[in-house]
Amino acid sequence: MNLADSEEMAAHLLARGYVPTENLEEADLALINTCTIRDHAEHKALSFLGRLRKWKRENPSRIIIFAGCAAQRLGNRLKKTFPYLDLVSGAKEIDRFAELLDHSGLFSTNPAEPNPATQSVTGYVTIMRGCNFACSYCIVPSVRGPVHCLPSQQILRQAAQKAAEGYPEIVLLGQTVNAWQEEGKTFADLLNEVSALPGVERVRFVSPHPAFITPQFLAAVENNPKIARHIHLPVQSGSTKVLQEMKRGYSRETLLEKLDALKERGFAISTDIIVGFPTETPQDFEQTLSLVERVHFSAAYCFKYSPRQGTPAAQMQLHTEKTLEERLDILLNKVKGLAESAYRVQIGKPVQILMESPNKGRTSDNFWAKTKKSYPVGSMVNSIVEDVDDTLLLTRD
Ligand code: 5AD
Ligand code: SF4
């Protein structure tokens, strides 16, 4: 989501004559798009902003924009600590970013030719923003606001345009992306409509919520090979009790049913897990470990619980840092070999590779694959996995 938001904001800067650079020293402007999901993420953004003090002093005409979720949470307080900051633009303001730039008086109004985008095969389309859940640990609903679904007409127009620009893979984005709906239309319908657009070869979506893995969605997938067979489905915990306290809206059992249904339909599943939620007992933690053993995720991103201001869980008694560290260590050890084993079991399977460079691309289930011959970027190559090198499939092609 942040990547797509960055692209969207950057487009408004390109339209005002800026070109991207990897080199801060030659930059005239720094746009920092931030995350506040955990304290650590916010800290990183703020310390980067702190380091820009010197950069701005070297050349006071340089412009610094601080945007995204941390900007939303901290607001104009930021300007007190960082007086050299030019603009603050919160996550809720992304639709008004262009207006904000124009009102700032910092930019000239005669736009130059925009720089062509870097070559990639993936086009991002935001289909909804915000979240109507209230997971007790999560700051997202307060910084992103309630769900707002974009109209299907607009989504289809944008996806068609991306495909026409040469992006055969479309990634639909939203905080709870599969909660998207509009009068008479579900997320499953939208997936089918986007994948039927000319030039669209593959459709992915990030991030879904288990509550909306519906029979309708599963039926759509079954009949539509363009829907990628990979899902990043955050489970958060394997204990029904903790899931309830997190207010996730599902139990271990219903979760397992959905995960099994996805596996049966050939999905590789990656996930997010939080360790050390305040009420998590050693037995609850064991339940998470056993879920990881049972499901064979293709990847699991593991996080120490981080209290976020204003969330219900932040009022609860915290575990010690030592307990958090210990549990994270145990879990990380358990998930360490997941990717390698997920890759190993692909040997002998047929794959469809969307080429991202002449010799490398990704399969529908999101594994990296290397081909023997060279193919055009953006083409789809059908082959069989012959061997595997760590986390790279080697194909017969
Ligand atoms: N502490 C730790 N991890 C969190 N996440 C969300 N909020 C918190 C928090 N307060 C994790 C969840 C989510 C991922 C993006 O970040 O696992 O899926
Ligand atoms: Fe946060 Fe829960 Fe919404 Fe995900 S579903 S963004 S974890 S409140």
# chains A, B, ... in the order shown; residues from 1 in each chain; ligands from 1
call {"tool": "residues_near_ligand", "arguments": {"ligand": "ligand 2", "cutoff": "7 Å", "atoms": "only C-alpha atoms and all ligand atoms", "output": "number ranges by chain"}}
result
A: 131-135, 138-141, 175-176, 209, 248
call {"tool": "write_last_selection", "arguments": {"atoms": "N, CA, C and O atoms", "output": "tab-separated table (two decimals), in the first residue's frame"}}
result
chain	number	residue	atom	x	y	z
A	131	CYS	N	-10.05	0.85	7.18
A	131	CYS	CA	-10.37	-0.45	7.75
A	131	CYS	C	-11.53	-0.31	8.74
A	131	CYS	O	-11.52	0.60	9.55
A	132	ASN	N	-12.51	-1.25	8.63
A	132	ASN	CA	-13.65	-1.22	9.56
A	132	ASN	C	-13.48	-2.18	10.72
A	132	ASN	O	-14.38	-2.30	11.54
A	133	PHE	N	-12.36	-2.88	10.78
A	133	PHE	CA	-12.11	-3.74	11.93
A	133	PHE	C	-11.58	-2.86	13.06
A	133	PHE	O	-11.29	-1.68	12.86
A	134	ALA	N	-11.46	-3.47	14.22
A	134	ALA	CA	-10.90	-2.73	15.35
A	134	ALA	C	-10.03	-3.70	16.13
A	134	ALA	O	-10.25	-3.93	17.31
A	135	CYS	N	-9.06	-4.30	15.44
A	135	CYS	CA	-8.16	-5.23	16.13
A	135	CYS	C	-7.52	-4.47	17.28
A	135	CYS	O	-7.09	-3.32	17.10
A	138	CYS	N	-4.14	-2.59	16.95
A	138	CYS	CA	-3.81	-1.97	15.66
A	138	CYS	C	-4.16	-0.49	15.56
A	138	CYS	O	-5.27	-0.07	15.88
A	139	ILE	N	-3.23	0.27	15.04
A	139	ILE	CA	-3.40	1.72	14.92
A	139	ILE	C	-4.00	2.13	13.57
A	139	ILE	O	-4.42	3.27	13.38
A	140	VAL	N	-4.05	1.15	12.63
A	140	VAL	CA	-4.47	1.49	11.27
A	140	VAL	C	-5.84	2.18	11.20
A	140	VAL	O	-5.96	3.23	10.55
A	141	PRO	N	-6.90	1.63	11.86
A	141	PRO	CA	-8.19	2.31	11.71
A	141	PRO	C	-8.13	3.77	12.14
A	141	PRO	O	-8.80	4.62	11.55
A	175	GLN	N	-6.33	-2.00	2.66
A	175	GLN	CA	-5.98	-2.48	4.00
A	175	GLN	C	-6.68	-3.80	4.31
A	175	GLN	O	-6.11	-4.67	4.94
A	176	THR	N	-7.93	-3.93	3.89
A	176	THR	CA	-8.63	-5.22	3.96
A	176	THR	C	-9.22	-5.39	2.56
A	176	THR	O	-10.42	-5.24	2.36
A	209	HIS	N	-8.18	-10.12	4.40
A	209	HIS	CA	-8.49	-10.49	5.79
A	209	HIS	C	-9.19	-11.86	5.75
A	209	HIS	O	-10.05	-12.08	4.88
A	248	ARG	N	-10.03	-10.36	16.30
A	248	ARG	CA	-9.76	-10.66	14.90
A	248	ARG	C	-11.00	-11.15	14.16
A	248	ARG	O	-11.01	-11.19	12.92
call {"tool": "residues_near_ligand", "arguments": {"ligand": "ligand 1", "cutoff": "6 Å", "atoms": "only C-alpha atoms and all ligand atoms", "output": "short mmCIF file (atom, residue, chain, number, x, y, z; two decimals) with N, CA and C atoms, in the first residue's frame"}}
result
data_model
loop_
_atom_site.label_atom_id
_atom_site.label_comp_id
_atom_site.auth_asym_id
_atom_site.auth_seq_id
_atom_site.Cartn_x
_atom_site.Cartn_y
_atom_site.Cartn_z
N ILE A 37 2.84 1.38 11.96
CA ILE A 37 2.20 0.14 12.42
C ILE A 37 2.83 -0.36 13.73
N ARG A 38 4.15 -0.24 13.80
CA ARG A 38 4.85 -0.54 15.07
C ARG A 38 5.73 0.65 15.40
N TYR A 137 -4.87 -4.33 18.90
CA TYR A 137 -3.47 -3.89 18.92
C TYR A 137 -3.18 -2.86 17.84
N CYS A 138 -4.14 -2.59 16.95
CA CYS A 138 -3.81 -1.97 15.66
C CYS A 138 -4.16 -0.49 15.56
N PRO A 234 -2.61 -12.53 6.76
CA PRO A 234 -2.10 -12.41 8.13
C PRO A 234 -2.98 -13.19 9.12
N GLN A 236 -1.89 -13.71 12.53
CA GLN A 236 -1.57 -13.00 13.80
C GLN A 236 -1.31 -13.92 14.99
N ASP A 272 1.50 -13.05 8.50
CA ASP A 272 2.08 -12.20 9.55
C ASP A 272 1.68 -12.79 10.90
N ILE A 273 2.60 -12.75 11.84
CA ILE A 273 2.32 -13.26 13.19
C ILE A 273 2.85 -12.27 14.22
N ILE A 274 2.05 -12.02 15.24
CA ILE A 274 2.50 -11.16 16.34
C ILE A 274 2.81 -12.05 17.54
N PHE A 303 6.48 -10.50 14.26
CA PHE A 303 6.70 -9.21 14.92
C PHE A 303 6.49 -9.33 16.42
N LYS A 304 7.34 -8.62 17.16
CA LYS A 304 7.09 -8.49 18.60
C LYS A 304 5.94 -7.53 18.78
N TYR A 305 5.04 -7.82 19.68
CA TYR A 305 3.93 -6.91 19.93
C TYR A 305 4.50 -5.53 20.31
N SER A 306 3.93 -4.50 19.72
CA SER A 306 4.37 -3.13 19.98
C SER A 306 3.14 -2.30 20.38
N PRO A 307 3.09 -1.78 21.62
CA PRO A 307 1.89 -1.03 22.02
C PRO A 307 1.75 0.26 21.22
N ARG A 308 0.56 0.52 20.70
CA ARG A 308 0.32 1.73 19.91
C ARG A 308 -0.69 2.61 20.63
#
call {"tool": "atom_distance", "arguments": {"atom1": "CA of Lys226 in chain A", "atom2": "CA of Asp389 in chain A"}}
result
26.6 Å
call {"tool": "select_by_dssp", "arguments": {"residues": "range 103-272 of chain A", "states": "helix (DSSP H, G or I)", "output": "JSON, numbers by chain"}}
result
{"A": [103, 104, 140, 141, 142, 143, 144, 152, 153, 154, 155, 156, 157, 158, 159, 160, 161, 162, 163, 164, 177, 178, 179, 187, 188, 189, 190, 191, 192, 193, 194, 195, 210, 211, 212, 215, 216, 217, 218, 219, 220, 221, 222, 240, 241, 242, 243, 244, 245, 246, 252, 253, 254, 255, 256, 257, 258, 259, 260, 261, 262, 263, 264]}
call {"tool": "residues_around", "arguments": {"residues": "Val171 in chain A", "least_positions_apart": "3", "cutoff": "9 Å", "atoms": "only C-alpha atoms", "output": "list in words"}}
result
Thr122, Gly123, Tyr124, Val125, Thr126, Ala159, Arg202, Val203, Arg204, Phe205 and Val206 of chain A
call {"tool": "write_last_selection", "arguments": {"atoms": "C-alpha atoms", "output": "short mmCIF file (atom, residue, chain, number, x, y, z; two decimals), in the first residue's frame"}}
result
data_model
loop_
_atom_site.label_atom_id
_atom_site.label_comp_id
_atom_site.auth_asym_id
_atom_site.auth_seq_id
_atom_site.Cartn_x
_atom_site.Cartn_y
_atom_site.Cartn_z
CA THR A 122 3.48 -4.79 -12.00
CA GLY A 123 0.87 -2.08 -11.90
CA TYR A 124 -0.73 -1.19 -8.56
CA VAL A 125 -4.36 -0.18 -8.29
CA THR A 126 -5.81 0.95 -4.96
CA ALA A 159 -6.33 -1.34 -14.36
CA ARG A 202 -2.19 -12.05 -13.72
CA VAL A 203 -4.02 -10.48 -10.81
CA ARG A 204 -2.77 -10.32 -7.23
CA PHE A 205 -4.22 -8.58 -4.20
CA VAL A 206 -2.82 -7.28 -0.89
#
